[in-house]
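**Student:** Hey, dropping my_file_14.tsv in here, TSV, C-alpha atoms:
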```tsv
chain	number	residue	atom	x	y	z
A	7	MET	CA	152.09	104.25	-12.22
A	8	ALA	CA	151.71	108.01	-12.63
A	9	GLN	CA	148.76	108.22	-10.26
A	10	GLN	CA	150.85	106.65	-7.46
A	11	THR	CA	153.92	108.84	-7.82
A	12	VAL	CA	154.75	112.10	-6.02
A	13	ALA	CA	157.85	114.10	-6.92
A	14	LEU	CA	159.54	116.37	-4.37
A	15	LEU	CA	162.05	119.09	-5.23
A	16	THR	CA	164.04	120.11	-2.14
A	17	THR	CA	167.57	120.32	-0.80
A	18	GLU	CA	166.45	120.18	2.84
A	19	PRO	CA	166.51	116.82	4.68
A	20	GLU	CA	164.01	118.14	7.23
A	21	THR	CA	161.48	119.03	4.54
A	22	GLU	CA	161.98	115.61	2.96
A	23	ARG	CA	161.29	113.90	6.30
A	24	HIS	CA	158.16	115.95	6.93
A	25	VAL	CA	156.80	115.23	3.46
A	26	ALA	CA	157.53	111.52	3.76
A	27	ALA	CA	155.77	111.40	7.12
A	28	ALA	CA	152.77	113.29	5.72
A	29	LEU	CA	152.48	110.83	2.84
A	30	ALA	CA	152.84	107.77	5.07
A	31	PRO	CA	149.07	107.44	5.76
A	32	LEU	CA	148.53	107.00	2.02
A	33	GLY	CA	150.64	103.84	2.08
A	34	ARG	CA	151.63	102.42	-1.29
A	35	SER	CA	149.33	104.79	-3.14
A	36	ALA	CA	152.01	107.52	-2.90
A	37	ALA	CA	155.56	106.62	-3.91
A	38	LEU	CA	157.88	109.57	-3.17
A	39	ILE	CA	160.67	110.52	-5.58
A	40	VAL	CA	163.05	113.14	-4.15
A	41	CYS	CA	164.87	115.47	-6.56
A	42	ARG	CA	167.76	117.69	-5.49
A	43	GLY	CA	167.67	120.09	-8.43
A	44	SER	CA	165.50	121.37	-11.26
A	45	PRO	CA	167.12	119.24	-14.03
A	46	GLU	CA	166.47	116.06	-12.03
A	47	LEU	CA	162.86	117.10	-11.40
A	48	VAL	CA	162.26	117.72	-15.11
A	49	THR	CA	163.68	114.29	-15.90
A	50	ARG	CA	161.37	112.65	-13.36
A	51	LEU	CA	158.39	114.60	-14.68
A	52	GLU	CA	159.16	113.36	-18.18
A	53	GLU	CA	159.69	109.74	-17.10
A	54	TRP	CA	156.97	109.26	-14.52
A	55	GLN	CA	154.37	111.96	-15.19
A	56	PRO	CA	153.54	112.06	-11.46
A	57	ALA	CA	150.09	113.04	-10.25
A	58	ALA	CA	151.68	115.69	-7.99
A	59	ALA	CA	154.97	117.54	-7.68
A	60	LEU	CA	155.94	119.33	-4.46
A	61	VAL	CA	158.28	122.23	-5.17
A	62	ASP	CA	160.34	123.83	-2.38
A	63	ILE	CA	161.00	127.42	-3.52
A	64	ASP	CA	163.03	128.66	-0.52
A	65	LEU	CA	166.49	128.19	-2.05
A	66	GLN	CA	165.85	130.60	-4.97
A	67	PRO	CA	162.21	131.75	-4.98
A	68	GLU	CA	162.32	133.96	-8.08
A	69	ARG	CA	164.17	131.45	-10.26
A	70	ILE	CA	162.12	128.46	-9.17
A	71	LEU	CA	158.82	130.29	-9.66
A	72	ARG	CA	159.91	131.23	-13.19
A	73	GLU	CA	160.70	127.58	-13.84
A	74	LEU	CA	157.41	126.54	-12.28
A	75	ASP	CA	155.57	128.64	-14.85
A	76	GLU	CA	157.22	126.55	-17.58
A	77	TRP	CA	156.64	123.23	-15.82
A	78	THR	CA	152.91	123.76	-15.28
A	79	SER	CA	152.45	124.44	-18.99
A	80	ARG	CA	154.67	121.58	-20.13
A	81	PHE	CA	153.48	118.89	-17.71
A	82	SER	CA	149.72	119.42	-17.70
A	83	ALA	CA	148.98	115.99	-16.16
A	84	THR	CA	150.82	116.93	-12.95
A	85	ARG	CA	149.45	119.17	-10.20
A	86	PHE	CA	152.04	121.35	-8.53
A	87	VAL	CA	152.18	122.22	-4.84
A	88	VAL	CA	154.52	124.98	-3.62
A	89	LEU	CA	156.33	124.62	-0.29
A	90	SER	CA	157.82	127.63	1.49
A	91	ARG	CA	158.68	128.88	4.97
A	92	SER	CA	157.03	132.20	4.15
A	93	LEU	CA	153.37	132.99	3.55
A	94	GLU	CA	154.10	136.36	1.95
A	95	ASN	CA	151.15	137.47	-0.16
A	96	GLY	CA	153.44	138.29	-3.07
A	97	LEU	CA	154.89	134.79	-3.15
A	98	VAL	CA	151.44	133.22	-2.91
A	99	LEU	CA	150.13	135.25	-5.85
A	100	GLU	CA	153.24	134.55	-7.94
A	101	ALA	CA	152.89	130.82	-7.27
A	102	MET	CA	149.21	130.88	-8.23
A	103	GLU	CA	149.98	132.87	-11.37
A	104	ALA	CA	152.60	130.27	-12.29
A	105	GLY	CA	149.94	127.56	-12.06
A	106	ALA	CA	150.52	126.07	-8.59
A	107	ARG	CA	147.51	124.18	-7.28
A	108	HIS	CA	148.30	124.71	-3.58
A	109	PHE	CA	150.67	126.75	-1.40
A	110	VAL	CA	151.77	125.06	1.83
A	111	VAL	CA	153.82	126.65	4.60
A	112	LYS	CA	156.50	124.18	5.72
A	113	GLY	CA	155.50	124.43	9.34
A	114	SER	CA	152.03	123.15	8.45
A	115	ILE	CA	153.12	120.23	6.22
A	116	PRO	CA	152.07	117.57	8.81
A	117	ALA	CA	148.61	119.11	9.19
A	118	ASP	CA	147.84	120.24	5.64
A	119	LEU	CA	149.67	118.00	3.18
A	120	PRO	CA	147.90	114.65	3.86
A	121	GLY	CA	144.49	116.12	3.08
A	122	ILE	CA	145.78	117.88	-0.02
A	123	MET	CA	147.34	114.69	-1.36
A	124	GLN	CA	144.21	112.66	-0.70
A	125	ARG	CA	142.14	115.15	-2.69
A	126	LEU	CA	144.65	115.21	-5.54
A	127	ALA	CA	144.71	111.41	-5.67
A	128	ALA	CA	140.94	111.00	-5.51
A	129	SER	CA	139.14	110.42	-8.77
A	130	GLY	CA	136.23	112.60	-7.66
A	131	PRO	CA	132.49	111.96	-7.68
A	132	ALA	CA	130.76	110.81	-10.86
A	133	ARG	CA	128.76	114.03	-11.11
A	134	GLN	CA	130.99	116.66	-9.61
A	135	GLY	CA	129.58	120.13	-9.25
A	136	ALA	CA	130.57	123.08	-11.41
A	137	VAL	CA	131.87	126.57	-10.65
A	138	VAL	CA	130.88	129.60	-12.72
A	139	THR	CA	133.03	132.68	-12.11
A	140	VAL	CA	131.66	136.19	-12.68
A	141	LEU	CA	134.27	138.91	-13.25
A	142	SER	CA	133.40	142.56	-13.85
A	143	ALA	CA	134.95	145.10	-16.18
A	144	SER	CA	133.89	148.05	-14.03
A	145	GLY	CA	132.10	148.95	-10.84
A	146	GLY	CA	128.35	149.17	-11.22
A	147	CYS	CA	128.14	147.06	-14.40
A	148	GLY	CA	125.55	144.77	-12.80
A	149	ALA	CA	127.74	141.73	-12.20
A	150	THR	CA	126.37	140.98	-8.72
A	151	THR	CA	122.75	141.12	-9.89
A	152	LEU	CA	123.70	138.76	-12.69
A	153	ALA	CA	125.57	136.38	-10.37
A	154	VAL	CA	122.75	136.12	-7.82
A	155	ASN	CA	120.02	135.59	-10.40
A	156	LEU	CA	122.12	133.16	-12.42
A	157	ALA	CA	122.47	131.07	-9.25
A	158	GLY	CA	118.69	131.27	-8.85
A	159	GLU	CA	118.14	130.03	-12.40
A	160	LEU	CA	120.62	127.15	-11.98
A	161	ASN	CA	118.87	126.21	-8.74
A	162	LEU	CA	115.56	125.90	-10.63
A	163	ARG	CA	117.13	123.54	-13.14
A	164	GLU	CA	118.45	121.19	-10.47
A	165	SER	CA	115.77	121.59	-7.78
A	166	SER	CA	118.64	121.82	-5.33
A	167	PRO	CA	120.36	124.81	-3.72
A	168	ALA	CA	122.97	126.75	-5.64
A	169	LEU	CA	125.82	128.55	-3.86
A	170	VAL	CA	127.00	132.12	-4.38
A	171	VAL	CA	130.51	132.91	-3.12
A	172	ASP	CA	130.81	136.65	-2.55
A	173	MET	CA	134.45	137.66	-3.01
A	174	ASP	CA	133.70	141.38	-3.21
A	175	THR	CA	135.64	142.56	-0.17
A	176	VAL	CA	134.64	146.22	-0.76
A	177	TYR	CA	130.83	146.08	-0.88
A	178	GLY	CA	129.69	142.48	-0.38
A	179	ALA	CA	126.16	143.14	-1.62
A	180	VAL	CA	124.99	139.53	-2.11
A	181	THR	CA	123.64	139.11	1.44
A	182	THR	CA	121.83	142.45	1.22
A	183	TYR	CA	120.27	141.42	-2.08
A	184	LEU	CA	118.87	138.24	-0.51
A	185	GLY	CA	118.07	139.70	2.90
A	186	LEU	CA	120.57	137.53	4.78
A	187	ARG	CA	122.80	138.23	7.78
A	188	GLY	CA	125.51	136.10	9.32
A	189	GLU	CA	128.73	136.06	11.33
A	190	TYR	CA	130.81	133.83	9.06
A	191	GLY	CA	131.66	133.66	5.38
A	192	ILE	CA	134.27	132.99	2.71
A	193	ALA	CA	137.07	134.62	4.76
A	194	ASP	CA	136.50	132.09	7.55
A	195	VAL	CA	136.59	129.18	5.10
A	196	LEU	CA	139.82	130.35	3.46
A	197	GLY	CA	141.36	131.17	6.85
A	198	ARG	CA	140.95	127.64	8.22
A	199	ARG	CA	144.10	125.75	9.15
A	200	GLU	CA	142.16	122.47	9.15
A	201	LYS	CA	140.77	120.64	6.14
A	202	ILE	CA	138.21	122.47	3.99
A	203	ASP	CA	135.59	119.86	3.16
A	204	PRO	CA	132.00	119.96	1.85
A	205	GLU	CA	130.56	120.06	5.36
A	206	VAL	CA	132.59	123.17	6.17
A	207	ILE	CA	131.15	124.85	3.09
A	208	LYS	CA	127.56	123.85	3.88
A	209	THR	CA	127.69	124.81	7.55
A	210	THR	CA	129.35	128.18	6.86
A	211	ALA	CA	127.02	129.16	4.00
A	212	LEU	CA	123.94	131.20	4.78
A	213	ALA	CA	120.81	129.39	3.60
A	214	GLY	CA	118.39	131.64	1.78
A	215	ALA	CA	114.72	130.75	1.47
A	216	LYS	CA	114.91	130.97	-2.33
A	217	GLY	CA	117.22	128.02	-2.98
A	218	VAL	CA	120.34	130.21	-3.09
A	219	HIS	CA	122.96	129.80	-0.36
A	220	VAL	CA	125.73	132.35	0.24
A	221	LEU	CA	129.31	132.32	1.45
A	222	ALA	CA	129.28	135.94	2.57
A	223	SER	CA	131.94	138.52	1.86
A	224	PRO	CA	133.89	139.86	4.86
A	225	ALA	CA	132.47	143.27	3.89
A	226	SER	CA	128.99	142.07	4.89
A	227	ILE	CA	130.00	140.48	8.22
A	228	VAL	CA	129.37	142.46	11.42
A	229	PRO	CA	131.75	143.05	13.08
A	230	ARG	CA	133.77	143.22	9.91
A	231	PRO	CA	136.98	141.12	10.08
A	232	GLU	CA	140.21	142.99	9.49
A	233	ALA	CA	142.09	140.27	7.59
A	234	GLY	CA	141.73	139.86	3.83
A	235	LEU	CA	141.12	136.63	1.97
A	236	ALA	CA	143.72	133.84	2.23
A	237	PHE	CA	143.92	133.10	-1.47
A	238	GLU	CA	146.46	130.30	-1.01
A	239	ARG	CA	143.57	128.04	0.07
A	240	LEU	CA	141.25	129.02	-2.77
A	241	GLY	CA	141.82	125.74	-4.62
A	242	ASP	CA	140.78	123.72	-1.57
A	243	ALA	CA	137.64	125.80	-1.15
A	244	LEU	CA	136.63	125.44	-4.80
A	245	ASP	CA	137.10	121.68	-4.63
A	246	ALA	CA	134.88	121.52	-1.56
A	247	CYS	CA	132.23	123.73	-3.18
A	248	LYS	CA	132.06	121.35	-6.13
A	249	GLU	CA	131.41	118.46	-3.79
A	250	ALA	CA	128.86	120.35	-1.70
A	251	TYR	CA	126.78	121.98	-4.47
A	252	ARG	CA	125.82	121.13	-8.02
A	253	TYR	CA	126.43	124.76	-9.02
A	254	THR	CA	128.59	127.44	-7.40
A	255	VAL	CA	128.62	131.00	-8.76
A	256	VAL	CA	131.59	133.12	-7.64
A	257	ASP	CA	131.06	136.89	-7.67
A	258	ALA	CA	134.66	138.11	-7.92
A	259	PRO	CA	135.10	141.80	-8.78
A	260	ARG	CA	138.42	143.52	-8.15
A	261	VAL	CA	140.41	140.34	-7.51
A	262	PRO	CA	144.10	140.22	-8.53
A	263	ALA	CA	144.84	138.83	-11.98
A	264	ALA	CA	146.45	135.71	-10.51
A	265	VAL	CA	143.34	134.98	-8.45
A	266	ALA	CA	141.08	135.54	-11.46
A	267	ALA	CA	143.20	133.00	-13.35
A	268	VAL	CA	142.89	130.41	-10.59
A	269	LEU	CA	139.13	130.88	-10.50
A	270	ALA	CA	138.84	130.64	-14.28
A	271	ARG	CA	140.98	127.50	-14.52
A	272	SER	CA	138.69	125.85	-11.97
A	273	SER	CA	135.47	126.99	-13.63
A	274	LEU	CA	133.10	125.51	-16.15
A	275	ALA	CA	132.78	129.04	-17.53
A	276	THR	CA	134.02	132.52	-16.66
A	277	LEU	CA	131.72	135.43	-17.41
A	278	VAL	CA	133.39	138.79	-18.03
A	279	VAL	CA	130.59	141.31	-17.47
A	280	PHE	CA	130.82	144.72	-19.11
A	281	GLN	CA	128.64	147.47	-20.54
A	282	LEU	CA	128.85	148.67	-24.13
A	283	ALA	CA	131.12	151.59	-23.29
A	284	VAL	CA	134.66	152.22	-24.50
A	285	LYS	CA	136.16	152.03	-20.99
A	286	ASP	CA	134.41	148.76	-20.14
A	287	ILE	CA	135.28	147.13	-23.46
A	288	ARG	CA	138.93	148.09	-23.10
A	289	PHE	CA	139.09	146.63	-19.61
A	290	ALA	CA	137.20	143.49	-20.66
A	291	ARG	CA	139.62	142.96	-23.55
A	292	GLY	CA	142.60	143.16	-21.19
A	293	LEU	CA	140.97	140.80	-18.71
A	294	ILE	CA	140.14	138.23	-21.39
A	295	ALA	CA	143.70	138.47	-22.74
A	296	SER	CA	145.21	137.92	-19.28
A	297	LEU	CA	143.06	134.81	-18.78
A	298	GLY	CA	144.25	133.47	-22.13
A	299	GLU	CA	147.87	134.09	-21.14
A	300	ALA	CA	147.19	132.15	-17.91
A	301	GLY	CA	146.14	129.10	-19.94
A	302	VAL	CA	142.34	129.46	-19.73
A	303	PRO	CA	140.74	128.07	-22.93
A	304	SER	CA	138.96	130.78	-24.90
A	305	ASP	CA	135.79	128.70	-25.20
A	306	ARG	CA	135.42	128.80	-21.40
A	307	VAL	CA	135.41	132.63	-21.25
A	308	ILE	CA	132.11	134.35	-22.11
A	309	PRO	CA	132.02	138.14	-22.54
A	310	VAL	CA	128.63	139.33	-21.26
A	311	ALA	CA	127.33	142.65	-22.59
A	312	ASN	CA	125.07	143.69	-19.74
A	313	ARG	CA	122.27	146.29	-20.00
A	314	PHE	CA	122.18	145.86	-23.75
A	315	ARG	CA	119.76	148.20	-25.55
A	316	ARG	CA	118.45	146.44	-28.63
A	317	ARG	CA	117.35	149.71	-30.23
A	318	GLY	CA	120.03	152.17	-31.21
A	319	PRO	CA	122.97	151.13	-28.99
A	320	THR	CA	125.89	153.56	-29.07
A	321	ILE	CA	128.28	150.64	-29.60
A	322	THR	CA	126.92	147.59	-31.42
A	323	LEU	CA	127.57	143.97	-30.51
A	324	ASP	CA	129.51	143.53	-33.73
A	325	GLU	CA	131.77	146.47	-32.88
A	326	ALA	CA	132.28	145.04	-29.39
A	327	ARG	CA	133.13	141.63	-30.87
A	328	ARG	CA	135.81	143.15	-33.09
A	329	ALA	CA	137.20	145.20	-30.19
A	330	LEU	CA	137.37	142.05	-28.05
A	331	GLY	CA	139.47	140.25	-30.64
A	332	GLY	CA	136.65	138.14	-32.06
A	333	ALA	CA	135.06	136.95	-28.81
A	334	GLU	CA	131.27	136.92	-29.27
A	335	PRO	CA	129.48	138.95	-26.55
A	336	TYR	CA	126.43	137.44	-24.88
A	337	PRO	CA	123.81	140.21	-24.59
A	338	ILE	CA	121.74	140.72	-21.42
A	339	SER	CA	118.80	143.08	-21.89
A	340	ASN	CA	118.72	146.55	-20.36
A	341	ASP	CA	115.71	146.05	-18.07
A	342	PHE	CA	116.41	148.41	-15.21
A	343	PRO	CA	112.86	148.52	-13.76
A	344	SER	CA	112.71	144.73	-13.39
A	345	ALA	CA	116.17	144.58	-11.82
A	346	VAL	CA	115.50	147.37	-9.33
A	347	GLY	CA	112.06	146.03	-8.48
A	348	ALA	CA	113.47	142.61	-7.66
A	349	ILE	CA	116.21	144.14	-5.49
A	350	ASN	CA	113.78	146.39	-3.62
A	351	PHE	CA	111.52	143.47	-2.77
A	352	GLY	CA	114.44	141.14	-1.92
A	353	GLN	CA	113.36	138.73	-4.65
A	354	LEU	CA	114.99	136.92	-7.51
A	355	LEU	CA	113.94	137.85	-11.02
A	356	HIS	CA	112.10	134.58	-11.59
A	357	GLU	CA	109.87	135.59	-8.67
A	358	ALA	CA	109.54	139.34	-9.22
A	359	ALA	CA	109.57	139.58	-13.04
A	360	SER	CA	109.32	136.11	-14.51
A	361	ARG	CA	108.35	137.35	-17.99
A	362	SER	CA	110.83	140.21	-18.21
A	363	PRO	CA	113.46	140.35	-20.99
A	364	LEU	CA	116.20	140.41	-18.36
A	365	ARG	CA	114.97	137.21	-16.73
A	366	ARG	CA	114.54	135.58	-20.15
A	367	ASP	CA	118.17	136.32	-21.09
A	368	LEU	CA	119.50	135.00	-17.77
A	369	ALA	CA	117.39	131.86	-18.10
A	370	SER	CA	118.87	131.25	-21.57
A	371	LEU	CA	122.38	131.71	-20.19
A	372	ALA	CA	121.62	129.24	-17.38
A	373	ASP	CA	120.35	126.75	-19.98
A	374	ARG	CA	123.59	127.10	-21.90
A	375	LEU	CA	125.72	126.50	-18.81
A	376	ALA	CA	123.60	123.57	-17.62
A	377	LEU	CA	123.87	121.93	-21.04
A	378	GLU	CA	127.63	122.40	-21.03
A	379	HIS	CA	127.91	120.93	-17.55
A	380	SER	CA	125.76	117.91	-18.40
A	381	SER	CA	128.19	117.09	-21.21
A	382	ARG	CA	131.07	116.99	-18.69
A	383	PRO	CA	129.91	114.43	-16.10
A	384	ARG	CA	133.41	114.06	-14.63
A	385	LEU	CA	134.63	117.65	-14.76
A	386	GLN	CA	138.04	117.80	-13.10
A	387	THR	CA	139.50	120.82	-11.34
A	388	PRO	CA	142.49	122.06	-13.35
A	389	ARG	CA	145.74	122.68	-11.59
```
Kindly present the structure from the file in structure tokens form.
**Tutor:**
Amino acid sequence: MAQQTVALLTTEPETERHVAAALAPLGRSAALIVCRGSPELVTRLEEWQPAAALVDIDLQPERILRELDEWTSRFSATRFVVLSRSLENGLVLEAMEAGARHFVVKGSIPADLPGIMQRLAASGPARQGAVVTVLSASGGCGATTLAVNLAGELNLRESSPALVVDMDTVYGAVTTYLGLRGEYGIADVLGRREKIDPEVIKTTALAGAKGVHVLASPASIVPRPEAGLAFERLGDALDACKEAYRYTVVDAPRVPAAVAAVLARSSLATLVVFQLAVKDIRFARGLIASLGEAGVPSDRVIPVANRFRRRGPTITLDEARRALGGAEPYPISNDFPSAVGAINFGQLLHEAASRSPLRRDLASLADRLALEHSSRPRLQTPR
């Protein structure tokens, strides 16, 4: 059956042995089919529709990654895992952009691959959590304020903590907003060589008193770590977040396009936050287009027109919609005093300004997302 089959593309006997040994603990639930070339792999993908395909890119990285881009689109039922001797950042990003679900260094196959295969084979919990990604069209557009307060609103609807993952490696303002300090964060989770599971997420997250937990940015850790984020493990971390929390909001400004695509493919919804200015709209249009090219369904991308002035805006919502290619912007009121007041007092909007237009708009957005999530009780993480 497809769920019991794993395809491996490699010409290296040593890699084949290591993969076979890593799959051995799964017993009969993982039947390995070894392919020596791309044509044979395509044939096996067509015949067996395996749950996973392990692709060794070392022989011809550029060619195989180009082919991988085609395979991930053509064989949507299969999750692809890239194997390589090198952990070069460029290769990792290219693999992610091509649709790979995981990137495994060959030297770590015995340690990493069994856990990855177990997660890919698992059917997942009946009510798996959801990720909402927040991308920004420009610095200072209010995306972090939106992300933190959206998590607060989702927490109120579930009466359980919501998680904010701060991937802003430049400022990392989420902990400051909530008055939190810690020594560990998202960089430590992604940098783990061991399995990333729900307990790792929960024990690394900083627990705020307002029902919002935070995986802190490395920019807010003291002393600040020198290494960046290990994006090749982002899929593992998102899976674990979905098991650990009902809702996870990822604040992800300035991430590479390939990383934004991985986040969006794993998300219930992706919010592209912009202001009604020509520069922001142009950038938002390009970002939305790149997500579409990466295979993200248009109905899962929500343009958010932040700081919207209902009286006499320079650019109207209808003009923004046309400029965005027909995507309908979701307006968030321009309520600067409420936003600044909440930040100054270290409070969420539902505490500091519960009747404000800004809080009302965010509450409506949270209702929309919660309704969407309730209609997908078995939401699966895309490849």
**Student:** If we count all atoms listed in the file, what is near segment 48-60 of chain A at a cut-off of 10 Å, once residues fewer than 3 positions away on the same chain are taken out, given as a PDB file with C-alpha atoms, in the coordinates of the input?
**Tutor:**
```
ATOM      1  CA  MET A   7     152.090 104.250 -12.220  1.00  0.00           C
ATOM      2  CA  ALA A   8     151.710 108.010 -12.630  1.00  0.00           C
ATOM      3  CA  GLN A   9     148.760 108.220 -10.260  1.00  0.00           C
ATOM      4  CA  GLN A  10     150.850 106.650  -7.460  1.00  0.00           C
ATOM      5  CA  THR A  11     153.920 108.840  -7.820  1.00  0.00           C
ATOM      6  CA  VAL A  12     154.750 112.100  -6.020  1.00  0.00           C
ATOM      7  CA  ALA A  13     157.850 114.100  -6.920  1.00  0.00           C
ATOM      8  CA  LEU A  14     159.540 116.370  -4.370  1.00  0.00           C
ATOM      9  CA  LEU A  15     162.050 119.090  -5.230  1.00  0.00           C
ATOM     10  CA  THR A  16     164.040 120.110  -2.140  1.00  0.00           C
ATOM     11  CA  VAL A  25     156.800 115.230   3.460  1.00  0.00           C
ATOM     12  CA  ALA A  36     152.010 107.520  -2.900  1.00  0.00           C
ATOM     13  CA  ALA A  37     155.560 106.620  -3.910  1.00  0.00           C
ATOM     14  CA  LEU A  38     157.880 109.570  -3.170  1.00  0.00           C
ATOM     15  CA  ILE A  39     160.670 110.520  -5.580  1.00  0.00           C
ATOM     16  CA  VAL A  40     163.050 113.140  -4.150  1.00  0.00           C
ATOM     17  CA  CYS A  41     164.870 115.470  -6.560  1.00  0.00           C
ATOM     18  CA  GLY A  43     167.670 120.090  -8.430  1.00  0.00           C
ATOM     19  CA  SER A  44     165.500 121.370 -11.260  1.00  0.00           C
ATOM     20  CA  PRO A  45     167.120 119.240 -14.030  1.00  0.00           C
ATOM     21  CA  ILE A  63     161.000 127.420  -3.520  1.00  0.00           C
ATOM     22  CA  TRP A  77     156.640 123.230 -15.820  1.00  0.00           C
ATOM     23  CA  ARG A  80     154.670 121.580 -20.130  1.00  0.00           C
ATOM     24  CA  PHE A  81     153.480 118.890 -17.710  1.00  0.00           C
ATOM     25  CA  SER A  82     149.720 119.420 -17.700  1.00  0.00           C
ATOM     26  CA  ALA A  83     148.980 115.990 -16.160  1.00  0.00           C
ATOM     27  CA  THR A  84     150.820 116.930 -12.950  1.00  0.00           C
ATOM     28  CA  ARG A  85     149.450 119.170 -10.200  1.00  0.00           C
ATOM     29  CA  PHE A  86     152.040 121.350  -8.530  1.00  0.00           C
ATOM     30  CA  VAL A  87     152.180 122.220  -4.840  1.00  0.00           C
ATOM     31  CA  VAL A  88     154.520 124.980  -3.620  1.00  0.00           C
ATOM     32  CA  LEU A  89     156.330 124.620  -0.290  1.00  0.00           C
ATOM     33  CA  ALA A 106     150.520 126.070  -8.590  1.00  0.00           C
ATOM     34  CA  ARG A 107     147.510 124.180  -7.280  1.00  0.00           C
ATOM     35  CA  HIS A 108     148.300 124.710  -3.580  1.00  0.00           C
ATOM     36  CA  PHE A 109     150.670 126.750  -1.400  1.00  0.00           C
ATOM     37  CA  VAL A 110     151.770 125.060   1.830  1.00  0.00           C
ATOM     38  CA  LEU A 119     149.670 118.000   3.180  1.00  0.00           C
ATOM     39  CA  MET A 123     147.340 114.690  -1.360  1.00  0.00           C
ATOM     40  CA  LEU A 126     144.650 115.210  -5.540  1.00  0.00           C
ATOM     41  CA  ALA A 127     144.710 111.410  -5.670  1.00  0.00           C
ATOM     42  CA  ARG A 389     145.740 122.680 -11.590  1.00  0.00           C
TER      43      ARG A 389
END
```
**Student:** What does the distance between atom CA of Ala372 of chain A and atom CA of Leu293 of chain A come to in Å, to one decimal place?
**Tutor:**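 One can read the atom CA of Ala372 of chain A to atom CA of Leu293 of chain A distance as 22.6 Å.
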**Student:** Would you write out, as a tab-separated table, a table of all residues in segment 229-263 of chain A that have an atom no more than 9 Å from an atom of segment 192-205 of chain A, listing for each the closest atom pair and the distance in Å to one decimal, considering all atoms listed in the file and ordering rows by chain and rising residue number?
**Tutor:**
```
residue	atom	partner	partner_atom	distance
A:Pro231	CA	A:Ala193	CA	8.4
A:Ala233	CA	A:Ala193	CA	8.1
A:Gly234	CA	A:Ala193	CA	7.1
A:Leu235	CA	A:Ala193	CA	5.3
A:Ala236	CA	A:Leu196	CA	5.4
A:Phe237	CA	A:Leu196	CA	7.0
A:Glu238	CA	A:Leu196	CA	8.0
A:Arg239	CA	A:Leu196	CA	5.6
A:Leu240	CA	A:Leu196	CA	6.5
A:Asp242	CA	A:Ile202	CA	6.3
A:Ala243	CA	A:Ile202	CA	6.2
A:Asp245	CA	A:Asp203	CA	8.1
A:Ala246	CA	A:Pro204	CA	4.7
A:Cys247	CA	A:Pro204	CA	6.3
A:Lys248	CA	A:Pro204	CA	8.1
A:Glu249	CA	A:Pro204	CA	5.9
A:Ala250	CA	A:Pro204	CA	4.8
A:Tyr251	CA	A:Pro204	CA	8.4
```
**Student:** Could those selected residues go to a file with C-alpha atoms, as a PDB file, keeping the file's coordinate frame?
**Tutor:**
```pdb
ATOM      1  CA  PRO A 231     136.980 141.120  10.080  1.00  0.00           C
ATOM      2  CA  ALA A 233     142.090 140.270   7.590  1.00  0.00           C
ATOM      3  CA  GLY A 234     141.730 139.860   3.830  1.00  0.00           C
ATOM      4  CA  LEU A 235     141.120 136.630   1.970  1.00  0.00           C
ATOM      5  CA  ALA A 236     143.720 133.840   2.230  1.00  0.00           C
ATOM      6  CA  PHE A 237     143.920 133.100  -1.470  1.00  0.00           C
ATOM      7  CA  GLU A 238     146.460 130.300  -1.010  1.00  0.00           C
ATOM      8  CA  ARG A 239     143.570 128.040   0.070  1.00  0.00           C
ATOM      9  CA  LEU A 240     141.250 129.020  -2.770  1.00  0.00           C
ATOM     10  CA  ASP A 242     140.780 123.720  -1.570  1.00  0.00           C
ATOM     11  CA  ALA A 243     137.640 125.800  -1.150  1.00  0.00           C
ATOM     12  CA  ASP A 245     137.100 121.680  -4.630  1.00  0.00           C
ATOM     13  CA  ALA A 246     134.880 121.520  -1.560  1.00  0.00           C
ATOM     14  CA  CYS A 247     132.230 123.730  -3.180  1.00  0.00           C
ATOM     15  CA  LYS A 248     132.060 121.350  -6.130  1.00  0.00           C
ATOM     16  CA  GLU A 249     131.410 118.460  -3.790  1.00  0.00           C
ATOM     17  CA  ALA A 250     128.860 120.350  -1.700  1.00  0.00           C
ATOM     18  CA  TYR A 251     126.780 121.980  -4.470  1.00  0.00           C
TER      19      TYR A 251
END
```
**Student:** Enter the distance from atom CA of Leu162 of chain A to atom CA of Val206 of chain A, in Å, rounded to one decimal.
**Tutor:** 24.1 Å
**Student:** Can you tell me how far atom CA of Met173 of chain A sits from atom CA of Ala258 of chain A, in Å to one decimal?
**Tutor:**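 Interatomic distance here is 4.9 Å.
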**Student:** With distances taken over all atoms listed in the file, which of A:Ser304, A:Ser79, A:Thr182, A:Ser90 is nearest to Ala275 of chain A?
**Tutor:**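 The shortest atom-to-atom distance to Ala275 of chain A comes from A:Ser304.
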**Student:** Show which residues sit within 6 Å of segment 318-330 of chain A, as number ranges by chain. Count all atoms listed in the file, and ignore same-chain residues fewer than 4 positions away.
**Tutor:** A: 282, 291, 334
**Student:** Give me the residues within 9 Å of segment 209-224 of chain A as a PyMOL selection string, counting only C-alpha atoms and dropping any in the same chain fewer than 3 places off.
**Tutor:** chain A and resi 154+157-158+161-162+165-181+184-195+204-206+227-228+230-235+353-354
**Student:** Which residue is closest to Ala283 of chain A? Choose from A:Val265, A:Ala225, A:Arg313, A:Lys112 and count all atoms listed in the file.
**Tutor:**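 Comparing A:Val265, A:Ala225, A:Arg313, A:Lys112 against Ala283 of chain A, the winner is A:Arg313.
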**Student:** Excluding Val268 of chain A and its own-chain neighbours fewer than 2 positions away, which residues fall within 8 Å of it when counting all atoms listed in the file? Please give them as number ranges by chain.
**Tutor:** A: 102-103, 105, 241, 264-266, 270-272
**Student:** Just checking: using all atoms listed in the file, which residue out of A:Ala376, A:Glu164, A:Glu68, A:Ala143 ends up closest to Lys285 of chain A?
**Tutor:** A:Ala143
